[in-house]
file start.cif (mmCIF, C-alpha atoms)
data_work
loop_
_atom_site.label_atom_id
_atom_site.label_comp_id
_atom_site.auth_asym_id
_atom_site.auth_seq_id
_atom_site.Cartn_x
_atom_site.Cartn_y
_atom_site.Cartn_z
CA MET R 11 -45.01 58.20 -10.88
CA VAL R 12 -43.16 55.16 -9.51
CA ASP R 13 -39.64 55.67 -8.26
CA SER R 14 -37.57 53.23 -10.38
CA GLU R 15 -34.80 53.07 -7.76
CA LYS R 16 -37.24 51.98 -5.05
CA ALA R 17 -38.94 49.52 -7.41
CA ALA R 18 -35.61 47.86 -8.19
CA LYS R 19 -35.01 47.07 -4.55
CA ARG R 20 -36.18 43.69 -3.36
CA ARG R 21 -38.33 43.59 -0.29
CA ARG R 22 -36.37 42.18 2.63
CA ILE R 23 -38.18 39.78 4.89
CA LYS R 24 -36.61 39.04 8.20
CA PRO R 25 -36.16 35.25 8.54
CA GLU R 26 -37.97 33.52 11.31
CA LYS R 27 -35.87 32.49 14.28
CA PHE R 28 -35.98 28.77 14.81
CA SER R 29 -36.16 27.60 18.37
CA GLU R 30 -33.27 25.47 19.57
CA LEU R 31 -33.72 21.72 19.47
CA GLU R 32 -34.53 20.21 22.78
CA LEU R 33 -32.17 17.25 23.09
CA SER R 34 -31.69 14.95 25.99
CA ASN R 35 -28.20 14.63 27.44
CA ARG R 36 -27.78 11.27 25.69
CA GLU R 37 -28.98 12.65 22.34
CA GLU R 38 -26.63 15.60 22.67
CA GLU R 39 -23.74 13.25 23.43
CA LEU R 40 -24.53 11.12 20.37
CA PHE R 41 -24.88 14.22 18.19
CA GLN R 42 -21.49 15.57 19.22
CA GLN R 43 -19.91 12.15 18.67
CA ALA R 44 -21.40 11.97 15.16
CA VAL R 45 -19.96 15.40 14.34
CA ALA R 46 -16.55 14.35 15.65
CA ASN R 47 -16.61 11.10 13.65
CA SER R 48 -17.45 12.97 10.44
CA ARG R 49 -14.23 14.97 10.52
CA TRP R 50 -11.14 13.59 8.75
CA GLU R 51 -8.11 13.13 10.91
CA LYS R 52 -5.48 15.76 10.16
CA SER R 53 -2.59 14.02 11.89
CA LEU R 54 -1.62 10.45 12.60
CA PRO R 55 -2.02 9.29 16.19
CA LYS R 56 1.15 8.18 17.94
CA TYR R 57 1.16 4.82 19.67
CA GLU R 58 3.88 2.99 21.53
CA ILE R 59 3.85 -0.49 20.01
CA ASP R 60 6.43 -3.21 20.47
CA GLN R 61 8.42 -4.01 17.35
CA ALA R 62 7.50 -7.25 15.59
CA PRO R 63 10.23 -9.90 15.72
CA VAL R 64 12.71 -10.15 12.85
CA TYR R 65 14.26 -13.51 11.92
CA TYR R 66 17.48 -14.13 10.01
CA PRO R 67 17.51 -17.80 9.00
CA THR R 68 20.62 -19.48 7.63
CA VAL R 69 20.71 -21.01 4.16
CA GLU R 70 20.19 -24.46 5.71
CA GLU R 71 17.26 -23.31 7.88
CA PHE R 72 15.58 -21.59 4.92
CA ALA R 73 16.02 -24.48 2.50
CA ASP R 74 12.32 -25.22 3.11
CA PRO R 75 10.71 -21.80 3.80
CA LEU R 76 7.32 -23.18 4.80
CA ALA R 77 8.92 -25.58 7.27
CA TYR R 78 10.86 -22.65 8.74
CA VAL R 79 7.67 -20.60 9.10
CA GLU R 80 6.05 -23.51 10.91
CA ARG R 81 9.06 -23.76 13.23
CA ILE R 82 8.82 -20.13 14.37
CA ARG R 83 5.01 -20.03 14.44
CA SER R 84 4.55 -20.50 18.21
CA GLU R 85 6.94 -17.65 18.97
CA ALA R 86 5.87 -15.22 16.24
CA GLU R 87 2.09 -15.64 16.23
CA MET R 88 1.62 -13.77 19.53
CA TYR R 89 2.72 -10.62 17.68
CA GLY R 90 0.33 -11.14 14.78
CA ILE R 91 3.12 -10.45 12.29
CA CYS R 92 6.83 -10.99 11.85
CA LYS R 93 9.57 -10.29 9.33
CA ILE R 94 11.80 -12.95 7.85
CA VAL R 95 14.98 -11.78 6.09
CA PRO R 96 16.10 -14.49 3.63
CA PRO R 97 19.77 -15.46 3.82
CA LYS R 98 22.21 -13.96 1.37
CA GLY R 99 22.25 -16.00 -1.80
CA TRP R 100 18.68 -17.25 -1.51
CA SER R 101 16.77 -16.46 -4.68
CA MET R 102 13.07 -16.42 -5.39
CA GLN R 103 13.92 -17.77 -8.82
CA SER R 104 14.95 -21.06 -7.24
CA SER R 105 11.65 -21.37 -5.40
CA SER R 106 8.41 -23.00 -6.55
CA LEU R 107 7.23 -19.70 -8.03
CA ASP R 108 7.09 -20.21 -11.80
CA TRP R 109 7.85 -16.81 -13.34
CA ASP R 110 7.25 -18.15 -16.86
CA SER R 111 3.87 -19.71 -16.11
CA PRO R 112 1.07 -18.67 -18.51
CA LYS R 113 -1.47 -18.96 -15.68
CA ARG R 114 -3.43 -15.78 -15.09
CA PHE R 115 -4.80 -14.74 -11.72
CA PRO R 116 -7.43 -12.09 -10.89
CA THR R 117 -6.81 -8.90 -8.94
CA LYS R 118 -8.94 -6.47 -6.97
CA ARG R 119 -8.84 -2.70 -7.47
CA GLN R 120 -8.29 -1.10 -4.09
CA GLN R 121 -8.91 2.62 -3.57
CA ILE R 122 -6.33 3.43 -0.91
CA HIS R 123 -7.82 6.84 -0.11
CA ARG R 124 -11.22 5.27 0.67
CA LEU R 125 -10.14 2.37 2.87
CA GLN R 126 -11.65 4.02 5.97
CA GLU R 127 -15.02 4.18 4.20
CA SER R 128 -15.14 0.38 3.72
CA VAL R 129 -15.88 0.83 0.02
CA PRO R 130 -16.19 -2.57 -1.75
CA TYR R 131 -13.30 -3.46 -4.06
CA SER R 132 -14.04 -3.63 -7.76
CA GLU R 133 -12.55 -6.20 -10.11
CA GLY R 134 -9.10 -5.50 -11.51
CA LYS R 135 -7.32 -7.02 -14.50
CA SER R 136 -5.94 -10.55 -14.73
CA TYR R 137 -2.17 -11.06 -14.96
CA THR R 138 0.49 -13.69 -15.28
CA ILE R 139 3.05 -13.50 -12.47
CA LYS R 140 5.59 -11.82 -14.78
CA GLU R 141 3.03 -9.32 -16.11
CA TYR R 142 2.02 -8.42 -12.59
CA LYS R 143 5.62 -7.83 -11.50
CA ASN R 144 6.24 -5.61 -14.53
CA MET R 145 3.06 -3.64 -13.81
CA ALA R 146 3.99 -3.19 -10.14
CA ASP R 147 7.57 -2.16 -10.94
CA THR R 148 6.35 0.41 -13.48
CA PHE R 149 3.85 1.78 -10.99
CA LYS R 150 6.58 2.10 -8.35
CA GLN R 151 8.96 3.85 -10.76
CA ARG R 152 6.35 6.39 -11.87
CA TRP R 153 5.32 7.08 -8.28
CA LEU R 154 8.89 7.71 -7.13
CA GLN R 155 9.57 9.96 -10.11
CA ASN R 156 6.43 12.02 -9.42
CA HIS R 157 6.96 12.00 -5.64
CA PRO R 158 10.75 12.07 -5.15
CA PRO R 159 11.90 11.70 -1.53
CA GLN R 160 13.20 14.85 0.12
CA GLY R 161 16.73 15.59 -1.02
CA LYS R 162 16.41 13.63 -4.27
CA SER R 163 15.58 14.89 -7.73
CA SER R 164 13.57 13.08 -10.40
CA ASN R 165 16.80 12.61 -12.39
CA GLU R 166 18.48 10.89 -9.42
CA ILE R 167 15.46 8.61 -9.01
CA SER R 168 15.58 7.73 -12.73
CA ALA R 169 19.30 6.91 -12.48
CA GLU R 170 18.70 4.58 -9.51
CA ILE R 171 15.84 2.89 -11.37
CA ASP R 172 18.11 2.31 -14.38
CA VAL R 173 20.66 0.59 -12.11
CA GLU R 174 17.99 -1.66 -10.58
CA ASP R 175 16.61 -2.49 -14.03
CA LYS R 176 20.09 -3.50 -15.24
CA LYS R 177 20.57 -5.76 -12.21
CA GLU R 178 17.25 -7.48 -12.87
CA ALA R 179 18.09 -7.90 -16.55
CA ASP R 180 21.49 -9.42 -15.66
CA THR R 181 19.83 -11.76 -13.16
CA GLU R 182 17.28 -12.98 -15.68
CA LYS R 183 19.98 -13.49 -18.29
CA CYS R 184 22.04 -15.59 -15.87
CA HIS R 185 19.05 -17.78 -15.08
CA ILE R 186 18.31 -18.26 -18.75
CA LEU R 187 21.89 -19.31 -19.41
CA ASN R 188 21.80 -21.47 -16.26
CA LYS R 189 25.07 -20.02 -15.01
CA GLU R 190 26.01 -19.24 -11.45
CA SER R 191 26.05 -15.59 -10.57
CA SER R 192 26.51 -13.50 -7.45
CA VAL R 193 23.54 -11.39 -8.55
CA THR R 194 20.30 -12.73 -7.06
CA ASP R 195 16.74 -11.62 -7.61
CA ASN R 196 16.08 -10.88 -3.97
CA ASN R 197 19.15 -8.74 -3.27
CA ILE R 198 17.83 -5.54 -1.70
CA THR R 199 20.08 -2.52 -2.07
CA ASP R 200 20.14 0.30 0.45
CA ASN R 201 18.37 2.54 -2.07
CA ASN R 202 15.66 -0.06 -2.66
CA ALA R 203 15.12 -0.56 1.09
CA ASP R 204 14.81 3.22 1.53
CA ASP R 205 12.29 3.33 -1.32
CA LEU R 206 10.16 0.62 0.32
CA ASN R 207 10.08 2.50 3.62
CA TYR R 208 9.23 5.71 1.78
CA LEU R 209 6.39 4.04 -0.12
CA GLU R 210 5.00 2.60 3.13
CA GLU R 211 4.94 6.08 4.66
CA TRP R 212 2.98 7.34 1.67
CA TYR R 213 0.56 4.40 1.90
CA TRP R 214 -0.45 5.34 5.45
CA LYS R 215 -0.63 9.05 4.61
CA ILE R 216 -3.11 8.25 1.85
CA ALA R 217 -5.06 5.64 3.82
CA ASP R 218 -5.38 7.71 7.01
CA GLN R 219 -5.22 11.30 5.80
CA VAL R 220 -6.36 11.11 2.15
CA ALA R 221 -3.18 12.89 1.10
CA GLU R 222 -3.96 11.89 -2.50
CA GLU R 223 -6.52 9.84 -4.40
CA ILE R 224 -5.10 6.64 -5.81
CA SER R 225 -6.13 3.07 -6.59
CA VAL R 226 -3.99 -0.04 -7.02
CA GLU R 227 -4.50 -3.59 -8.22
CA TYR R 228 -3.55 -6.21 -5.66
CA GLY R 229 -3.35 -9.97 -6.05
CA ASN R 230 -4.37 -11.04 -2.57
CA ASP R 231 -6.52 -14.08 -1.71
CA ILE R 232 -4.95 -16.25 -4.41
CA ASP R 233 -5.62 -19.98 -4.16
CA ILE R 234 -2.16 -21.47 -3.52
CA ASP R 235 -3.38 -24.93 -4.54
CA GLU R 236 -4.09 -23.60 -8.03
CA PHE R 237 -1.18 -21.16 -8.20
CA TRP R 238 1.78 -20.90 -5.80
CA SER R 239 2.53 -20.13 -2.22
CA GLY R 240 5.37 -17.75 -3.12
CA PHE R 241 8.01 -20.09 -1.69
#

call {"tool": "encode", "arguments": {"input": "start.cif", "output": "structure tokens"}}
result
Amino acid sequence: MVDSEKAAKRRRIKPEKFSELELSNREEELFQQAVANSRWEKSLPKYEIDQAPVYYPTVEEFADPLAYVERIRSEAEMYGICKIVPPKGWSMQSSSLDWDSPKRFPTKRQQIHRLQESVPYSEGKSYTIKEYKNMADTFKQRWLQNHPPQGKSSNEISAEIDVEDKKEADTEKCHILNKESSVTDNNITDNNADDLNYLEEWYWKIADQVAEEISVEYGNDIDIDEFWSGF
């Protein structure tokens, strides 16, 4: 008579012990480096980097933006980047950028959380300049509402967005009526400047630490001979 309890047990076979790999010092070094490179960084490295120069041109100096850029080139190019703060009263609407143009330009879909993997960009949608701005503004508003800065509620973010929307609507109305107004399209409020800094922090958290998975459409590499330079 077979003991059912013993029959139900599976026979245990002791696994064979594999001998350790015999690696040369160089192979061991490369192996450890590969393991280290495969780990995601959990914190951002801290570097001491000189601040890029910031320029504050006058209305007269910035009358021709491209000429101004050429004038500061020799000084700014050693930094690789610089920031130019347009003078108060200067408006993008008065530049060569045609906000009402029906021209459509292509975009690329960029996966921010996979930038370190060098994943090729896929094709995004095509937009007019006004459609692209509306898309980008909507994206920004939704992001801020879903990721409110510390100390702010979603309701406070929505209220600030409503104020900015009203300013933009008033600006567009003034341009349509061709009347002078103290409201300009490039006026940056303190809240808006804070939002931009906050969004930049999130960009690097996603790019370097994969804090979230997100993709965006960007309109880089646009032929300025066919479209515009932005100035």

call {"tool": "residues_near_point", "arguments": {"input": "start.cif", "point": "(11.2, -10.4, 12.1)", "cutoff": "10 Å", "atoms": "only C-alpha atoms", "output": "compact mmCIF listing (two decimals) with C-alpha atoms, in the coordinates of the input"}}
result
# COMPACT_ATOMS: atom_id res chain seq x y z
CA GLN R 61 8.42 -4.01 17.35
CA ALA R 62 7.50 -7.25 15.59
CA PRO R 63 10.23 -9.90 15.72
CA VAL R 64 12.71 -10.15 12.85
CA TYR R 65 14.26 -13.51 11.92
CA TYR R 66 17.48 -14.13 10.01
CA ALA R 86 5.87 -15.22 16.24
CA ILE R 91 3.12 -10.45 12.29
CA CYS R 92 6.83 -10.99 11.85
CA LYS R 93 9.57 -10.29 9.33
CA ILE R 94 11.80 -12.95 7.85
CA VAL R 95 14.98 -11.78 6.09

call {"tool": "atom_distance", "arguments": {"input": "start.cif", "atom1": "atom CA of R:Gly134", "atom2": "atom CA of R:Pro116"}}
result
6.8 Å

call {"tool": "residues_around", "arguments": {"input": "start.cif", "residues": "stretch 117-127 of chain R", "least_positions_apart": "2", "cutoff": "9 Å", "atoms": "all atoms listed in the file", "output": "VMD selection string"}}
result
chain R and resid 115 129 to 137 213 to 232

call {"tool": "residues_around", "arguments": {"input": "start.cif", "residues": "R:Trp109", "least_positions_apart": "3", "cutoff": "9 Å", "atoms": "all atoms listed in the file", "output": "PyMOL selection string"}}
result
chain R and resi 103+112+138-140

call {"tool": "closest_residue", "arguments": {"input": "start.cif", "among": "R:Trp100, R:Tyr208, R:Phe41, R:Tyr89", "to": "R:Asp74", "atoms": "all atoms listed in the file"}}
result
R:Trp100

call {"tool": "closest_residue", "arguments": {"input": "start.cif", "among": "R:Ser128, R:Gln160, R:Thr68, R:Ser111", "to": "R:Glu141", "atoms": "only C-alpha atoms"}}
result
R:Ser111

call {"tool": "atom_distance", "arguments": {"input": "start.cif", "atom1": "atom CA of R:Gln155", "atom2": "atom CA of R:Asp204"}}
result
14.4 Å

call {"tool": "atom_distance", "arguments": {"input": "start.cif", "atom1": "atom CA of R:Glu85", "atom2": "atom CA of R:Phe237"}}
result
28.6 Å

call {"tool": "axis_aligned_box", "arguments": {"input": "start.cif", "around": "stretch 78-89 of chain R", "padding_each_side": "4 Å", "output": "lines of an AutoDock Vina configuration file"}}
result
center_x = 6.2
center_y = -17.2
center_z = 14.1
size_x = 17.2
size_y = 21.1
size_z = 18.8

call {"tool": "closest_residue", "arguments": {"input": "start.cif", "among": "R:Asp60, R:Lys113, R:Asn35, R:Asp108", "to": "R:Met88", "atoms": "all atoms listed in the file"}}
result
R:Asp60

call {"tool": "decode", "arguments": {"input": "start.cif", "residues": "stretch 223-235 of chain R", "atoms": "N, CA, C and O atoms", "output": "short mmCIF file (atom, residue, chain, number, x, y, z; two decimals), in the first residue's frame"}}
result
data_model
loop_
_atom_site.label_atom_id
_atom_site.label_comp_id
_atom_site.auth_asym_id
_atom_site.auth_seq_id
_atom_site.Cartn_x
_atom_site.Cartn_y
_atom_site.Cartn_z
N GLU R 223 6.43 59.40 -16.60
CA GLU R 223 6.55 59.12 -18.02
C GLU R 223 5.69 60.11 -18.78
O GLU R 223 4.49 60.21 -18.53
N ILE R 224 6.33 60.85 -19.68
CA ILE R 224 5.58 61.88 -20.40
C ILE R 224 6.25 62.18 -21.74
O ILE R 224 7.47 62.07 -21.87
N SER R 225 5.45 62.51 -22.72
CA SER R 225 5.98 62.90 -24.03
C SER R 225 5.38 64.24 -24.43
O SER R 225 4.27 64.59 -24.02
N VAL R 226 6.15 65.00 -25.20
CA VAL R 226 5.71 66.32 -25.65
C VAL R 226 5.99 66.47 -27.14
O VAL R 226 6.81 65.73 -27.71
N GLU R 227 5.30 67.39 -27.77
CA GLU R 227 5.55 67.71 -29.17
C GLU R 227 6.34 69.02 -29.22
O GLU R 227 5.90 70.02 -28.66
N TYR R 228 7.49 68.99 -29.86
CA TYR R 228 8.28 70.22 -29.93
C TYR R 228 8.55 70.58 -31.38
O TYR R 228 8.70 69.73 -32.25
N GLY R 229 8.58 71.89 -31.63
CA GLY R 229 8.73 72.39 -32.99
C GLY R 229 10.13 72.89 -33.28
O GLY R 229 10.29 73.99 -33.81
N ASN R 230 11.13 72.12 -32.90
CA ASN R 230 12.51 72.52 -33.14
C ASN R 230 12.90 72.24 -34.59
O ASN R 230 12.18 71.56 -35.32
N ASP R 231 14.06 72.76 -34.99
CA ASP R 231 14.62 72.50 -36.33
C ASP R 231 13.69 72.98 -37.44
O ASP R 231 13.53 72.31 -38.46
N ILE R 232 13.06 74.12 -37.24
CA ILE R 232 12.18 74.69 -38.25
C ILE R 232 12.99 75.57 -39.19
O ILE R 232 13.83 76.36 -38.76
N ASP R 233 12.75 75.42 -40.47
CA ASP R 233 13.46 76.20 -41.48
C ASP R 233 12.99 77.66 -41.41
O ASP R 233 11.85 77.97 -41.77
N ILE R 234 13.85 78.57 -40.95
CA ILE R 234 13.44 79.96 -40.79
C ILE R 234 13.27 80.67 -42.13
O ILE R 234 12.63 81.72 -42.20
N ASP R 235 13.85 80.12 -43.18
CA ASP R 235 13.64 80.72 -44.51
C ASP R 235 12.21 80.47 -44.99
O ASP R 235 11.63 81.29 -45.70
#
